[in-house]
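K.L.:
Mind looking over this structure? Questions follow.
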Amino acid sequence: MEADDAVDNSRPKKRRRVEKGDANEAIVIESSTESEPESLSSPRSNLIGTTRPNPPAINLSLTPELPPAPEYDDFTGDSIKVLTLEWYLDSVKAGVLLPTKNYVVFEGRITGKPNPLIQSPRKILRRENLISQAKGDTPPRGQPLYKHGPRWAISKSPAQPPRLMHQTSSEHDRAVALPPLPPSLCSIYSCQRSTPAQSPNADFIAQLYIIKHARKLDRDDRGISALAYSKAIASIQAYPYTLTSPEEVARLPNCAERYAEIFQEWKETGRVQEVQQIETDERMKSLTEFYEIYDVAEKTARQFYARGWRDLDDVISQGWDTLTPNQQIGVKFYDDFKEKIPRDEVERIAAIVLRYANQVREGFHMVIVGGYRKGKTMCGDVDVILSHPDEDATDHVVEQIVWNLAEDQWITHRLTVSTANSERGQQTINWRGGMSKTRGRGFCTLDKALVVWQDAELAKNPDPGRRNPRRRVDIILSPWKTAGCAVLGWSGGTMFERDLRKYCRNVKGVKFDSTGVRRLSDGTWLDLEKGANDLLEKEKKVFEGLGLEWRDPEERCTG
DNA sequence: GCCT
DNA sequence: CAGTACG
DNA sequence: AGGCCGATACTG
C-alpha cells in the first residue's frame, strides 16, 4: 500500500489540500503480512440492516418488570412526600409504583403551596398537576387521541392537560386555547417522545441552535449552558405544532422563561438580537472554523484564538507542529470531513466493511446506525455495528478487519482503535462487587475503530475528473448477547441517548450503555435480548425490557 | 438554563 | 490529568 | 445549591 499515502509530515500547502499525504507517521496503517485469500463472494443477505423483518414476536414476557426497582419501603414510611409529576407519569409508564427517591419534591412536611400565584405560568401548571395527581385525582383530560402518543392514548394515563387556562382565572383569559400538549411531551425523557427530524418550528430551532453553538464556544462552563439549549431544542423538536406564543413555549419541558423570551422576540421582530450579534462576530467565526477541525473542541479552539490565530491557514502555518496527530488528520481532510455523505455511499461503504468482516469469519450481522439509521439523507459519517451469533467470534476481529481493509487501501488512517473488550474476553460482568473503578479492568466495552476511509478502486486507478473524498467510518464490534444495546446506543440523537441513560437510572434502577444493561444495586447483568435472532429484533427487545415504547430510529432525532 |  | 469523541 | 450521560474510552 501507500504510494499516495506515504508518510508525510509536512503541513498541507496552506490552502487546504484535499487528497494526498498523511498527517504523520502515527497514522499510517502499516500493512505487511500475506494477504487474505481473496474469497470474496458475499452471500450475506442481512446486509444493510435496514431490513425490517419486523418480528411480530412481541414476547409476552414484558410483564416481569425487570429490576425490582430498589427500595419499595418508600411507601411504608411514615413521612409524607410530595412527588413530582414525573414520578406519576413514570410510574404509569412503568406500570408499577416507582421508587420515589428521585421524585421527591418535599419530604417530611408538606410545603404545598396550594395557591401558587407567584411563579411562571408553567410552574403553576406543574404544581397544580403535581398536587392533584399526588392526591390521586384523575386530572382533567378529554384529549382526543394523538397520533404521536398511541401509548398514551390507550393507557389510562392522565392525558396531560397543561393548558394555560388552568391558571387562576384572570390574567390569561385571553390566552388562546393552545393546542393540547402532546402527551408524550409530558415526559421529561426524550427517549419517550417521538422526535422526528422535521419540525414545524425549524426556523425557531435554528435560532436556538446558533445561540447554543455560541454558548459552547465562548463560555467556559463545561458546556452547561449549551446543554440547556440542547435540551430545550430537543423538546421543541418533538412539538408537532407551530408555536404561536411564549406561553406555548414555556410549557414544554426544559423551556422556561429564557426560551419564552427568545421566542417572543423572534415572533415580534422576526429576529433575535443575540443571534444577530453572534452572526457578525468575527471571533465566533474563527472559533467555529477551529471547532470544525476533527479533534479540536471548544477549549482548543479558544486556545488557538488566544494565540492570535484566526483561520485554518494560521493553524497550518503557525501551529502545525503543535497539533496532535489526529488534529493533523482533521486539518488535512478539513473539507472532506465537513462534506456530507449520501445514503447510497454509506450503504456501499458498509457493504464493503461487512464483506471484509465475513472474510475474517462467516456469519456476521450488521446494522448501519448513526445518522443513516435516523433517516438523514446526507450523513456526517458512517457508523456500522457488526456482531456475530457465535460468542467468541468478535474477539480481536476489529483489528483484523481494519488491517485487511487498510491493506486493500479502503482505510488510510485510523483515528482510534479500541480492543478493550477483546483483551478481556468479552464477559458481561458486573462492576460492583468486583473491582470496578480501576480503569481498564473489570469492565466491558466494545471493540471499535474510527478510521479514515477512501474508495480503494479510485485510489488505485485515479481518475483526474473524480474526487476521492475521505470519509470517517466507525466500525463497532459488539458481542451478540448485547448487540441490541449497541444498536440502541448508536441509533439515537445525543439527547435521546442521554435521556435514555437517565431514564434507566432514575426510573428502572438500571444502568444502560451500549455494552448492556445492569442492575444499579449490584451491577449484575440483565439479559434483555434472549430469544431474538437478529440485531433489530434484539433492539426491540431492549425497548421492551426497559419498559419503553418502541420508537422508530427516525423519531429519535433529538440532535 | 432548567430542574429538583 | 485534561481534552476530545461517540451516539 | 448542586446536578446535568457514560463508575464511557482513547490520546498525549
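Residues are named by chain letter and number: chains run A, B, ... in the order of the C-alpha cells, numbers start at 1 in each chain, and ligands are numbered from 1 in the order shown.
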Do a neighbour search on DA5 of chain C at 9 Å with only C-alpha atoms (C1' of nucleotides), toss out local chain neighbours closer than 6 positions, and write the hits as a short mmCIF file (atom, residue, chain, number, x, y, z; two decimals) with C-alpha atoms (C1' of nucleotides), in the first residue's frame.

P.N.:
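Final file, selection-v4.cif:
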data_model
loop_
_atom_site.label_atom_id
_atom_site.label_comp_id
_atom_site.auth_asym_id
_atom_site.auth_seq_id
_atom_site.Cartn_x
_atom_site.Cartn_y
_atom_site.Cartn_z
CA ASP A 295 -10.19 16.56 17.43
"C1'" DA D 9 -12.88 5.19 26.19
"C1'" DC D 10 -8.96 6.99 23.96
#

K.L.:
Fewer than 6 positions away in the same chain doesn't count, so skip those; otherwise give me all residues within 10 Å of DT8 of chain D, counting only C-alpha atoms (C1' of nucleotides), as a PyMOL selection string.

P.N.:
(chain A and resi 445+513-514) or (chain C and resi 6)

K.L.:
Store the residues picked out above, limited to C-alpha atoms (C1' of nucleotides), as a JSON list (two decimals), in the first residue's frame.

P.N.:
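What follows is the written file result.json:
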[["chain", "number", "residue", "atom", "x", "y", "z"],
["A", 445, "THR", "CA", -16.56, -2.16, 26.43],
["A", 513, "ASP", "CA", -24.94, 1.76, 27.96],
["A", 514, "SER", "CA", -24.10, 0.32, 24.61],
["C", 6, "DC", "C1'", -19.35, 8.75, 20.06]]

K.L.:
Using 8 Å as the limit and counting only C-alpha atoms (C1' of nucleotides), can you tabulate each residue of chain A that touches chain D, with its shortest atom-to-atom distance in Å and the two atoms involved, as JSON lines?

P.N.:
{"residue": "A:Ile224", "atom": "CA", "partner": "D:DC4", "partner_atom": "C1'", "distance": 7.2}
{"residue": "A:Leu227", "atom": "CA", "partner": "D:DC4", "partner_atom": "C1'", "distance": 7.9}
{"residue": "A:Thr324", "atom": "CA", "partner": "D:DG12", "partner_atom": "C1'", "distance": 7.9}
{"residue": "A:Thr416", "atom": "CA", "partner": "D:DC10", "partner_atom": "C1'", "distance": 6.8}
{"residue": "A:Ser418", "atom": "CA", "partner": "D:DC10", "partner_atom": "C1'", "distance": 7.6}
{"residue": "A:Ser436", "atom": "CA", "partner": "D:DA7", "partner_atom": "C1'", "distance": 7.2}
{"residue": "A:Lys437", "atom": "CA", "partner": "D:DA7", "partner_atom": "C1'", "distance": 6.1}
{"residue": "A:Glu497", "atom": "CA", "partner": "D:DC5", "partner_atom": "C1'", "distance": 7.5}
{"residue": "A:Arg498", "atom": "CA", "partner": "D:DC5", "partner_atom": "C1'", "distance": 4.7}
{"residue": "A:Asp499", "atom": "CA", "partner": "D:DC5", "partner_atom": "C1'", "distance": 7.6}
{"residue": "A:Arg501", "atom": "CA", "partner": "D:DC5", "partner_atom": "C1'", "distance": 6.1}
{"residue": "A:Lys502", "atom": "CA", "partner": "D:DC5", "partner_atom": "C1'", "distance": 7.0}
{"residue": "A:Asp513", "atom": "CA", "partner": "D:DG6", "partner_atom": "C1'", "distance": 6.9}

K.L.:
Taking a cut-off of 7 Å and counting only C-alpha atoms (C1' of nucleotides), can you build a table that, for each residue of chain A near chain C, reports the nearest atom pair and how far apart they are in Å (one decimal), sorted by chain then residue number, as a tab-separated table?

P.N.:
residue	atom	partner	partner_atom	distance
A:Asp295	CA	C:DT4	C1'	5.9
A:Ala297	CA	C:DT4	C1'	6.8
A:Gly370	CA	C:DG7	C1'	6.9
A:Gly489	CA	C:DG7	C1'	6.1
A:Trp490	CA	C:DG7	C1'	4.6
A:Ser491	CA	C:DG7	C1'	6.5
A:Gly492	CA	C:DG7	C1'	6.1
A:Gly493	CA	C:DG7	C1'	6.3
A:Thr494	CA	C:DG7	C1'	5.8
A:Glu497	CA	C:DG7	C1'	6.6

K.L.:
Put those residues in a file: N, CA and C atoms, as a tab-separated table (two decimals), in the first residue's frame.

P.N.:
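What landed in result-v1.tsv:
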chain	number	residue	atom	x	y	z
A	295	ASP	N	-11.06	16.59	16.25
A	295	ASP	CA	-10.19	16.56	17.43
A	295	ASP	C	-9.86	17.95	17.97
A	297	ALA	N	-11.97	20.87	19.94
A	297	ALA	CA	-13.26	21.25	20.50
A	297	ALA	C	-13.14	22.65	21.08
A	370	GLY	N	-26.16	5.33	13.48
A	370	GLY	CA	-25.83	6.74	13.31
A	370	GLY	C	-26.88	7.50	12.52
A	489	GLY	N	-27.86	2.07	21.41
A	489	GLY	CA	-26.94	3.11	21.87
A	489	GLY	C	-26.32	3.93	20.77
A	490	TRP	N	-26.44	3.43	19.56
A	490	TRP	CA	-25.82	4.15	18.45
A	490	TRP	C	-26.84	4.69	17.45
A	491	SER	N	-28.10	4.58	17.79
A	491	SER	CA	-29.11	4.96	16.80
A	491	SER	C	-29.96	6.15	17.21
A	492	GLY	N	-29.53	6.86	18.22
A	492	GLY	CA	-30.33	8.00	18.66
A	492	GLY	C	-29.53	9.28	18.67
A	493	GLY	N	-30.25	10.39	18.70
A	493	GLY	CA	-29.60	11.67	18.86
A	493	GLY	C	-28.97	11.76	20.25
A	494	THR	N	-28.11	12.72	20.42
A	494	THR	CA	-27.39	12.85	21.69
A	494	THR	C	-28.34	12.92	22.88
A	497	GLU	N	-30.04	9.68	23.70
A	497	GLU	CA	-29.16	8.73	24.38
A	497	GLU	C	-28.90	9.13	25.84

K.L.:
Can you tell me, as a list of chain:residue names, what residues are no more than 9 Å from Glu292 of chain A when counting only C-alpha atoms (C1' of nucleotides), ignoring any on the same chain fewer than 2 positions away?

P.N.:
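Once the adjacent positions are removed, what remains is A:Leu287, A:Thr288, A:Glu289, A:Phe290, A:Tyr294, A:Asp295, A:Val296, A:Ala297, A:Gly330, A:Tyr334, A:Phe337, A:Lys338.
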
K.L.:
Can you write just those residues out, C-alpha atoms, as a compact mmCIF listing (two decimals), in the first residue's frame?

P.N.:
# COMPACT_ATOMS: atom_id res chain seq x y z
CA LEU A 287 -13.71 29.73 16.77
CA THR A 288 -16.20 27.95 14.60
CA GLU A 289 -13.64 27.27 11.92
CA PHE A 290 -11.31 25.79 14.51
CA TYR A 294 -11.67 16.93 13.93
CA ASP A 295 -10.19 16.56 17.43
CA VAL A 296 -10.48 20.25 18.13
CA ALA A 297 -13.26 21.25 20.50
CA GLY A 330 -8.50 16.74 10.88
CA TYR A 334 -10.96 19.52 6.78
CA PHE A 337 -14.90 15.69 6.75
CA LYS A 338 -17.30 18.59 6.55

K.L.:
For the helix (DSSP H, G or I) assignment from backbone DSSP, which residues of segment 200-354 of chain A qualify? Please present them as an NGL selection string.

P.N.:
:A and (202-218 or 224-237 or 246-250 or 257-269 or 273-280 or 282-291 or 298-306 or 312-322 or 325-332 or 334-338 or 343-354)

K.L.:
From the set A:Val360, A:Cys557, A:Ala250, A:Val315, which residue has the shortest atom-to-atom contact distance to chain B, counting only C-alpha atoms (C1' of nucleotides)?

P.N.:
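Ranked by minimum distance to chain B, first place goes to A:Ala250.
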